[in-house]
$ cat start.cif   # mmCIF, C-alpha atoms
data_my_file
loop_
_atom_site.group_PDB
_atom_site.id
_atom_site.type_symbol
_atom_site.label_atom_id
_atom_site.label_comp_id
_atom_site.auth_asym_id
_atom_site.auth_seq_id
_atom_site.Cartn_x
_atom_site.Cartn_y
_atom_site.Cartn_z
ATOM 1 C CA GLU A 1 0.000 0.000 0.000
ATOM 2 C CA SER A 2 1.099 3.598 -0.487
ATOM 3 C CA ILE A 3 2.069 6.214 2.053
ATOM 4 C CA THR A 4 3.071 9.774 1.309
ATOM 5 C CA ILE A 5 6.154 11.125 3.021
ATOM 6 C CA LYS A 6 5.635 14.609 4.466
ATOM 7 C CA ASN A 7 9.079 15.291 5.944
ATOM 8 C CA CYS A 8 11.515 14.436 3.180
ATOM 9 C CA MET A 9 15.257 14.089 3.528
ATOM 10 C CA PRO A 10 17.252 15.358 0.524
ATOM 11 C CA SER A 11 20.243 13.416 -0.712
ATOM 12 C CA SER A 12 23.252 14.524 -2.688
ATOM 13 C CA ASN A 13 21.752 13.176 -5.913
ATOM 14 C CA ILE A 14 17.993 13.654 -5.573
ATOM 15 C CA SER A 15 16.313 16.925 -4.625
ATOM 16 C CA ALA A 16 13.926 17.051 -1.680
ATOM 17 C CA ASN A 17 11.194 18.294 -4.022
ATOM 18 C CA VAL A 18 11.396 15.130 -6.108
ATOM 19 C CA LEU A 19 11.256 12.929 -3.015
ATOM 20 C CA CYS A 20 8.272 14.811 -1.636
ATOM 21 C CA MET A 21 6.282 14.358 -4.824
ATOM 22 C CA ILE A 22 6.378 10.570 -4.873
ATOM 23 C CA ASP A 23 4.499 7.843 -3.067
ATOM 24 C CA VAL A 24 6.589 5.360 -1.166
ATOM 25 C CA GLU A 25 5.644 1.722 -0.729
ATOM 26 C CA VAL A 26 6.941 -0.045 2.351
ATOM 27 C CA SER A 27 7.934 -3.717 2.285
ATOM 28 C CA THR A 28 8.572 -5.562 5.542
ATOM 29 C CA ASN A 29 8.715 -9.025 7.045
ATOM 30 C CA ASP A 30 6.905 -7.719 10.132
ATOM 31 C CA ILE A 31 3.507 -9.398 10.463
ATOM 32 C CA THR A 32 2.463 -7.720 13.721
ATOM 33 C CA GLY A 33 1.736 -4.316 12.216
ATOM 34 C CA THR A 34 3.921 -2.566 14.800
ATOM 35 C CA VAL A 35 6.076 -1.121 12.015
ATOM 36 C CA ASN A 36 3.246 1.382 11.461
ATOM 37 C CA SER A 37 4.388 3.242 14.567
ATOM 38 C CA LEU A 38 7.582 4.244 12.772
ATOM 39 C CA PHE A 39 5.595 6.518 10.464
ATOM 40 C CA ILE A 40 3.091 8.192 12.778
ATOM 41 C CA ASN A 41 4.880 11.552 12.815
ATOM 42 C CA ASN A 42 6.144 11.548 9.255
ATOM 43 C CA CYS A 43 3.493 10.067 6.992
ATOM 44 C CA ARG A 44 -0.082 10.479 5.940
ATOM 45 C CA ILE A 45 -1.747 7.127 5.423
ATOM 46 C CA THR A 46 -3.508 7.287 2.060
ATOM 47 C CA ASN A 47 -5.569 4.119 2.401
ATOM 48 C CA SER A 48 -8.095 4.546 5.207
ATOM 49 C CA LYS A 49 -9.926 1.366 4.290
ATOM 50 C CA CYS A 50 -7.428 -0.920 6.007
ATOM 51 C CA GLY A 51 -6.334 -1.000 9.610
ATOM 52 C CA THR A 52 -2.724 -1.213 8.490
ATOM 53 C CA ASN A 53 -1.251 -0.301 5.178
ATOM 54 C CA ILE A 54 2.232 -1.803 5.374
ATOM 55 C CA ASN A 55 2.377 -5.271 3.916
ATOM 56 C CA GLY A 56 4.942 -8.006 3.877
ATOM 57 C CA ILE A 57 7.025 -8.655 0.811
ATOM 58 C CA LEU A 58 4.859 -10.603 -1.613
ATOM 59 C CA LYS A 59 5.379 -12.115 -5.008
ATOM 60 C CA ASN A 60 2.596 -12.491 -7.545
ATOM 61 C CA VAL A 61 2.604 -15.758 -9.408
ATOM 62 C CA ILE A 62 0.838 -15.674 -12.783
ATOM 63 C CA ILE A 63 0.049 -19.089 -14.220
ATOM 64 C CA ASN A 64 0.037 -19.571 -17.999
ATOM 65 C CA ASN A 65 0.391 -15.807 -18.453
ATOM 66 C CA ILE A 66 -3.223 -15.299 -17.370
ATOM 67 C CA ILE A 67 -3.846 -12.416 -14.986
ATOM 68 C CA THR A 68 -6.830 -13.050 -12.719
ATOM 69 C CA THR A 69 -8.556 -10.927 -10.110
ATOM 70 C CA GLU A 70 -7.257 -13.345 -7.485
ATOM 71 C CA PRO A 71 -3.619 -14.079 -8.368
ATOM 72 C CA ILE A 72 -1.725 -16.665 -6.391
ATOM 73 C CA ILE A 73 0.412 -14.961 -3.755
ATOM 74 C CA GLU A 74 3.448 -16.408 -2.049
ATOM 75 C CA ASN A 75 6.215 -15.039 0.132
ATOM 76 C CA GLY A 76 8.891 -13.255 -1.847
ATOM 77 C CA THR A 77 12.148 -11.396 -1.436
ATOM 78 C CA LEU A 78 13.018 -7.741 -1.738
ATOM 79 C CA LEU A 79 14.462 -8.575 -5.158
ATOM 80 C CA ASP A 80 11.097 -10.041 -6.183
ATOM 81 C CA ASP A 81 9.373 -6.877 -5.019
ATOM 82 C CA LEU A 82 11.692 -4.398 -6.721
ATOM 83 C CA SER A 83 11.965 -6.352 -9.963
ATOM 84 C CA ARG A 84 8.196 -6.050 -10.431
ATOM 85 C CA ARG A 85 8.222 -2.264 -10.352
ATOM 86 C CA ASP A 86 7.382 -0.300 -13.477
ATOM 87 C CA PHE A 87 10.793 1.274 -14.026
ATOM 88 C CA THR A 88 14.247 1.340 -12.511
ATOM 89 C CA VAL A 89 13.684 4.878 -11.202
ATOM 90 C CA ASN A 90 10.936 3.629 -8.896
ATOM 91 C CA ALA A 91 12.589 0.322 -8.060
ATOM 92 C CA LEU A 92 14.493 1.867 -5.150
ATOM 93 C CA ALA A 93 14.252 0.877 -1.487
ATOM 94 C CA ILE A 94 15.620 2.483 1.652
ATOM 95 C CA ALA A 95 15.987 0.800 5.045
ATOM 96 C CA ILE A 96 14.032 2.636 7.733
ATOM 97 C CA ASN A 97 15.233 0.882 10.870
ATOM 98 C CA GLY A 98 17.861 -1.448 12.272
ATOM 99 C CA SER A 99 21.579 -1.437 11.591
ATOM 100 C CA THR A 100 21.030 -0.612 7.917
ATOM 101 C CA GLN A 101 18.735 2.366 8.558
ATOM 102 C CA GLY A 102 19.087 4.918 5.780
ATOM 103 C CA GLN A 103 20.801 2.467 3.435
ATOM 104 C CA LEU A 104 19.567 2.699 -0.133
ATOM 105 C CA THR A 105 18.988 -0.469 -2.133
ATOM 106 C CA ASP A 106 19.371 0.169 -5.836
ATOM 107 C CA LEU A 107 19.517 -3.203 -7.574
ATOM 108 C CA PHE A 108 18.761 -1.893 -11.068
ATOM 109 C CA SER A 109 20.822 1.337 -11.281
ATOM 110 C CA GLY A 110 17.735 3.468 -10.700
ATOM 111 C CA ILE A 111 19.704 6.440 -9.339
ATOM 112 C CA HIS A 112 21.840 6.469 -12.482
ATOM 113 C CA ASP A 113 18.738 6.413 -14.690
ATOM 114 C CA LEU A 114 17.050 9.071 -12.557
ATOM 115 C CA ASN A 115 19.984 11.419 -12.950
ATOM 116 C CA ALA A 116 20.175 10.605 -16.676
ATOM 117 C CA GLY A 117 16.447 11.171 -17.135
ATOM 118 C CA VAL A 118 15.911 7.716 -18.654
ATOM 119 C CA LEU A 119 12.970 5.366 -18.228
ATOM 120 C CA LYS A 120 13.762 1.673 -18.507
ATOM 121 C CA THR A 121 12.244 -1.417 -16.943
ATOM 122 C CA PRO A 122 13.973 -3.451 -14.201
ATOM 123 C CA LEU A 123 13.399 -6.696 -16.086
ATOM 124 C CA ASN A 124 13.112 -7.435 -19.786
ATOM 125 C CA PRO A 125 10.459 -4.900 -20.871
ATOM 126 C CA ASP A 126 8.426 -7.649 -22.540
ATOM 127 C CA ILE A 127 8.020 -9.260 -19.108
ATOM 128 C CA THR A 128 7.256 -5.986 -17.347
ATOM 129 C CA PHE A 129 4.611 -4.901 -19.860
ATOM 130 C CA SER A 130 3.090 -8.369 -20.071
ATOM 131 C CA ASP A 131 2.595 -8.260 -16.302
ATOM 132 C CA ASP A 132 0.563 -5.045 -16.646
ATOM 133 C CA PRO A 133 0.153 -3.418 -20.090
ATOM 134 C CA LEU A 134 -0.886 -0.139 -18.442
ATOM 135 C CA ARG A 135 2.811 0.340 -17.747
ATOM 136 C CA MET A 136 3.230 1.237 -21.417
ATOM 137 C CA LEU A 137 0.993 4.258 -20.890
ATOM 138 C CA ARG A 138 2.759 5.042 -17.634
ATOM 139 C CA ALA A 139 6.075 5.162 -19.518
ATOM 140 C CA VAL A 140 4.627 7.804 -21.828
ATOM 141 C CA ARG A 141 3.073 9.675 -18.922
ATOM 142 C CA PHE A 142 6.273 9.761 -16.844
ATOM 143 C CA ALA A 143 8.316 10.806 -19.881
ATOM 144 C CA THR A 144 5.846 13.646 -20.448
ATOM 145 C CA GLN A 145 5.573 14.831 -16.862
ATOM 146 C CA LEU A 146 9.277 14.597 -16.054
ATOM 147 C CA GLN A 147 10.671 15.339 -19.540
ATOM 148 C CA PHE A 148 12.485 11.987 -19.446
ATOM 149 C CA THR A 149 13.528 9.806 -22.387
ATOM 150 C CA ILE A 150 12.236 6.256 -22.818
ATOM 151 C CA HIS A 151 15.096 3.778 -23.253
ATOM 152 C CA ASN A 152 15.312 2.360 -26.791
ATOM 153 C CA GLU A 153 14.726 -1.248 -25.756
ATOM 154 C CA THR A 154 11.764 -0.217 -23.622
ATOM 155 C CA LEU A 155 10.350 1.901 -26.466
ATOM 156 C CA THR A 156 10.681 -0.989 -28.931
ATOM 157 C CA SER A 157 8.862 -3.316 -26.557
ATOM 158 C CA ILE A 158 5.977 -0.853 -26.232
ATOM 159 C CA LYS A 159 5.575 -0.751 -30.008
ATOM 160 C CA GLN A 160 5.598 -4.541 -30.196
ATOM 161 C CA GLN A 161 3.054 -4.967 -27.403
ATOM 162 C CA ALA A 162 0.817 -1.974 -28.123
ATOM 163 C CA ALA A 163 -2.149 -4.191 -29.011
ATOM 164 C CA ARG A 164 -2.234 -5.560 -25.468
ATOM 165 C CA ILE A 165 -3.442 -2.189 -24.183
ATOM 166 C CA ASP A 166 -6.895 -3.362 -25.291
ATOM 167 C CA ILE A 167 -7.206 -5.502 -22.149
ATOM 168 C CA ILE A 168 -6.872 -2.472 -19.872
ATOM 169 C CA SER A 169 -10.065 -0.821 -18.638
ATOM 170 C CA MET A 170 -10.812 2.623 -20.038
ATOM 171 C CA GLU A 171 -11.008 3.982 -16.490
ATOM 172 C CA ARG A 172 -7.304 3.240 -16.004
ATOM 173 C CA VAL A 173 -6.484 4.605 -19.464
ATOM 174 C CA HIS A 174 -8.409 7.827 -18.752
ATOM 175 C CA GLU A 175 -6.436 8.378 -15.549
ATOM 176 C CA GLU A 176 -3.152 8.275 -17.465
ATOM 177 C CA LEU A 177 -4.522 10.575 -20.174
ATOM 178 C CA HIS A 178 -5.612 13.108 -17.550
ATOM 179 C CA LYS A 179 -2.046 13.193 -16.217
ATOM 180 C CA ILE A 180 -0.545 13.548 -19.688
ATOM 181 C CA ILE A 181 -2.906 16.405 -20.553
ATOM 182 C CA THR A 182 -2.006 18.327 -17.383
ATOM 183 C CA ALA A 183 1.765 17.945 -17.908
ATOM 184 C CA PRO A 184 3.789 21.103 -18.681
ATOM 185 C CA PHE A 185 4.037 20.206 -22.402
ATOM 186 C CA PRO A 186 1.361 17.578 -23.092
ATOM 187 C CA SER A 187 2.170 17.408 -26.808
ATOM 188 C CA LYS A 188 5.201 15.246 -25.985
ATOM 189 C CA GLY A 189 2.907 12.595 -24.549
ATOM 190 C CA PHE A 190 0.601 12.437 -27.538
ATOM 191 C CA ILE A 191 3.501 12.340 -29.971
ATOM 192 C CA LEU A 192 4.958 9.445 -27.972
ATOM 193 C CA LEU A 193 1.593 7.698 -27.966
ATOM 194 C CA ASP A 194 1.579 7.999 -31.745
ATOM 195 C CA GLU A 195 5.180 6.815 -32.123
ATOM 196 C CA THR A 196 4.525 3.779 -29.927
ATOM 197 C CA GLU A 197 1.324 2.917 -31.834
ATOM 198 C CA LEU A 198 -0.758 3.272 -28.681
ATOM 199 C CA LEU A 199 -2.681 6.345 -29.842
ATOM 200 C CA ASN A 200 -4.719 4.548 -32.494
ATOM 201 C CA LYS A 201 -5.633 1.913 -29.894
ATOM 202 C CA ILE A 202 -6.825 4.191 -27.110
ATOM 203 C CA PHE A 203 -7.871 7.348 -28.982
ATOM 204 C CA PRO A 204 -8.629 6.600 -32.661
ATOM 205 C CA GLU A 205 -10.553 9.867 -33.101
ATOM 206 C CA LEU A 206 -7.449 11.896 -32.262
ATOM 207 C CA TYR A 207 -5.296 9.644 -34.433
ATOM 208 C CA ALA A 208 -7.665 10.347 -37.342
ATOM 209 C CA LEU A 209 -6.671 14.041 -37.257
ATOM 210 C CA LYS A 210 -3.210 13.152 -38.551
ATOM 211 C CA GLY A 211 -2.039 13.977 -42.033
ATOM 212 C CA THR A 212 -2.723 16.399 -44.846
ATOM 213 C CA GLU A 213 -4.323 16.025 -48.243
ATOM 214 C CA THR A 214 -3.901 17.979 -51.484
ATOM 215 C CA ILE A 215 -6.381 18.106 -54.374
ATOM 216 C CA ASN A 216 -5.882 20.398 -57.373
ATOM 217 C CA GLY A 217 -3.209 22.310 -55.483
ATOM 218 C CA LYS A 218 -5.494 22.909 -52.489
ATOM 219 C CA SER A 219 -4.333 21.515 -49.134
ATOM 220 C CA HIS A 220 -5.412 21.523 -45.514
ATOM 221 C CA LYS A 221 -3.178 21.649 -42.434
ATOM 222 C CA ASP A 222 -2.320 18.681 -40.251
ATOM 223 C CA ASN A 223 -5.020 19.003 -37.616
ATOM 224 C CA PHE A 224 -3.262 16.603 -35.234
ATOM 225 C CA TYR A 225 -0.207 18.836 -34.808
ATOM 226 C CA HIS A 226 -2.395 21.951 -34.872
ATOM 227 C CA THR A 227 -4.380 20.494 -31.956
ATOM 228 C CA LEU A 228 -1.215 19.720 -29.998
ATOM 229 C CA GLU A 229 0.030 23.268 -30.551
ATOM 230 C CA VAL A 230 -3.236 24.655 -29.189
ATOM 231 C CA LEU A 231 -3.029 22.269 -26.222
ATOM 232 C CA ASP A 232 0.566 23.277 -25.405
ATOM 233 C CA ASN A 233 -0.260 26.974 -25.652
ATOM 234 C CA LEU A 234 -3.227 26.609 -23.314
ATOM 235 C CA SER A 235 -1.260 24.495 -20.841
ATOM 236 C CA GLN A 236 1.027 27.493 -20.254
ATOM 237 C CA LYS A 237 -2.017 29.463 -19.099
ATOM 238 C CA THR A 238 -3.981 26.944 -17.053
ATOM 239 C CA ASN A 239 -3.973 23.396 -15.730
ATOM 240 C CA ALA A 240 -7.774 23.188 -15.594
ATOM 241 C CA LEU A 241 -8.508 19.681 -16.841
ATOM 242 C CA TRP A 242 -11.813 20.512 -18.516
ATOM 243 C CA LEU A 243 -10.281 23.400 -20.479
ATOM 244 C CA LEU A 244 -7.366 21.253 -21.614
ATOM 245 C CA TRP A 245 -9.754 18.521 -22.762
ATOM 246 C CA ALA A 246 -11.736 21.179 -24.645
ATOM 247 C CA ALA A 247 -8.558 22.204 -26.462
ATOM 248 C CA LEU A 248 -7.714 18.597 -27.293
ATOM 249 C CA LEU A 249 -11.192 17.958 -28.696
ATOM 250 C CA HIS A 250 -11.878 21.270 -30.410
ATOM 251 C CA ASP A 251 -11.248 19.871 -33.934
ATOM 252 C CA ILE A 252 -12.064 16.238 -33.217
ATOM 253 C CA ALA A 253 -14.946 16.135 -35.729
ATOM 254 C CA LYS A 254 -12.947 17.454 -38.696
ATOM 255 C CA PRO A 255 -12.222 14.027 -40.234
ATOM 256 C CA LYS A 256 -15.959 13.253 -40.266
ATOM 257 C CA THR A 257 -16.932 16.608 -41.774
ATOM 258 C CA LYS A 258 -14.127 17.061 -44.307
ATOM 259 C CA ARG A 259 -15.316 17.871 -47.813
ATOM 260 C CA PHE A 260 -13.617 19.200 -50.940
ATOM 261 C CA GLU A 261 -15.375 21.944 -52.877
ATOM 262 C CA GLN A 262 -14.200 22.651 -56.410
ATOM 263 C CA GLY A 263 -12.780 26.135 -56.727
ATOM 264 C CA HIS A 264 -12.706 26.597 -52.993
ATOM 265 C CA GLY A 265 -10.793 23.814 -51.270
ATOM 266 C CA PHE A 266 -11.362 21.741 -48.162
ATOM 267 C CA THR A 267 -14.163 22.574 -45.763
ATOM 268 C CA PHE A 268 -15.131 21.253 -42.342
ATOM 269 C CA HIS A 269 -18.606 22.668 -41.971
ATOM 270 C CA GLY A 270 -20.301 21.655 -38.753
ATOM 271 C CA HIS A 271 -17.213 20.239 -37.071
ATOM 272 C CA GLU A 272 -17.779 22.490 -34.061
ATOM 273 C CA ASP A 273 -21.338 21.240 -33.432
#
$ encode --input "start.cif" --output "C-alpha cells"
Amino acid sequence: ESITIKNCMPSSNISANVLCMIDVEVSTNDITGTVNSLFINNCRITNSKCGTNINGILKNVIINNIITTEPIIENGTLLDDLSRRDFTVNALAIAINGSTQGQLTDLFSGIHDLNAGVLKTPLNPDITFSDDPLRMLRAVRFATQLQFTIHNETLTSIKQQAARIDIISMERVHEELHKIITAPFPSKGFILLDETELLNKIFPELYALKGTETINGKSHKDNFYHTLEVLDNLSQKTNALWLLWAALLHDIAKPKTKRFEQGHGFTFHGHED
C-alpha cells in the first residue's frame, strides 16, 4: 500500500522536491503491524480502508500468463518486489530501521537512470509490460511529466506490445490521459503515444486528425499537430482539466466533416457542433 512522506530528507543526488512528490511503498517481514508506529509523525496514510497499510514482501505468481482478479500470492524477497516495479527509477528501497537504517537499495541502477532522465524497466520490458500493459501508458506519462527519455529497448517493446493495451479498462487509461494532458508540455505525450502505436488503440478519433491532403493544389493543415500546438499553448495558461480537454477535442470532428469543394478547397462545416 502507499504512504506519502511529508518530511523528506534530501540526498546529494535527488532533490527534496522530487522525493516529496512521490508515493513510497513499504515492504517488511513484520507481520504484527507494529512497524506502522515508525511513520506516525512523518506520513499520511492514504488508504483509510485498512487498519494497516504496510504489507509483507509478496510475489505475484501468474500461471500460464493469465492475470486473474485473485492471483496466487506467495512469500517473496526484496528482489522479487523491486523487480516487479514499473521502471528502474521507482525500483528503489531504503531501510528505515535497524543497523542498515538509511541504506539505499538500488539493484537496477535506478539512481543512475534518474539522474540521466531515462525510463527503462527493471526486467526485460516484454516481461514488465506483459505483467501489466498499463505500464506502457505510464512510460509515456512519466516521460511527459518529467521530460524523461524512454530507453530504446523499452520503447521498442511498447511498439511490439501496443495491441495488449486493449485488455486495460478505459477507467485506467483515462487516468493516465488526464495526467498527460495536465503535464507542462502535453504534446510530448501524444507524440509518444503515436510513435509507440498506442494512440490509435486508445484514442482513434485523435489519431484520425493526422495527415494532410492535397487536391488540385489545395491543401489543408495537419489538424493533429495543430491540436497539440493549441493544447501546449493553453497548458502554459492553465492546468484546468476541462479546459485542456476542450482544447484537445476542439477539432475532433474534422475528419468526419471534411469535404472538398471545387474552386474553394477543403471545408469542415459543422465540425464544431
$ resolve_selection --input "start.cif" --expression "the PyMOL selection byres ((chain A and resi 217-225) around 8)" --output "MDAnalysis selection string"
chainID A and resid 206:216 226:229 251 265:266
$ atom_distance --input "start.cif" --atom1 "CA of Met170 (chain A)" --atom2 "CA of Asp81 (chain A)"
26.9 Å
$ resolve_selection --input "start.cif" --expression "the PyMOL selection byres ((chain A and resi 154-166) around 12)" --output "JSON, numbers by chain"
{"A": [86, 87, 88, 118, 119, 120, 121, 122, 123, 124, 125, 126, 127, 128, 129, 130, 131, 132, 133, 134, 135, 136, 137, 138, 139, 140, 143, 149, 150, 151, 152, 153, 167, 168, 169, 170, 172, 173, 192, 193, 194, 195, 196, 197, 198, 199, 200, 201, 202, 203]}
$ resolve_selection --input "start.cif" --expression "the PyMOL selection byres ((chain A and resi 185) around 12)" --output "count of residues only"
31
$ atom_distance --input "start.cif" --atom1 "CA of Ile94 (chain A)" --atom2 "CA of Asp106 (chain A)"
8.7 Å
$ atom_distance --input "start.cif" --atom1 "CA of Pro255 (chain A)" --atom2 "CA of Glu176 (chain A)"
25.2 Å
$ residues_around --input "start.cif" --residues "Leu107 (chain A)" --least-positions-apart "4" --cutoff "10 Å" --atoms "all atoms listed in the file" --output "list of chain:residue names"
A:Leu78, A:Leu79, A:Leu82, A:Ser83, A:Thr88, A:Ala91, A:Leu92, A:Ala93, A:Ile111, A:Pro122
$ axis_aligned_box --input "start.cif" --around "region 150-167 of chain A" --padding-each-side "4 Å" --output "lines of an AutoDock Vina configuration file"
center_x = 4.1
center_y = 0.3
center_z = -26.2
size_x = 30.5
size_y = 19.8
size_z = 16.0
$ closest_residue --input "start.cif" --among "A:His174, A:His271, A:Arg84, A:His264" --to "Phe108 (chain A)" --atoms "all atoms listed in the file"
A:Arg84
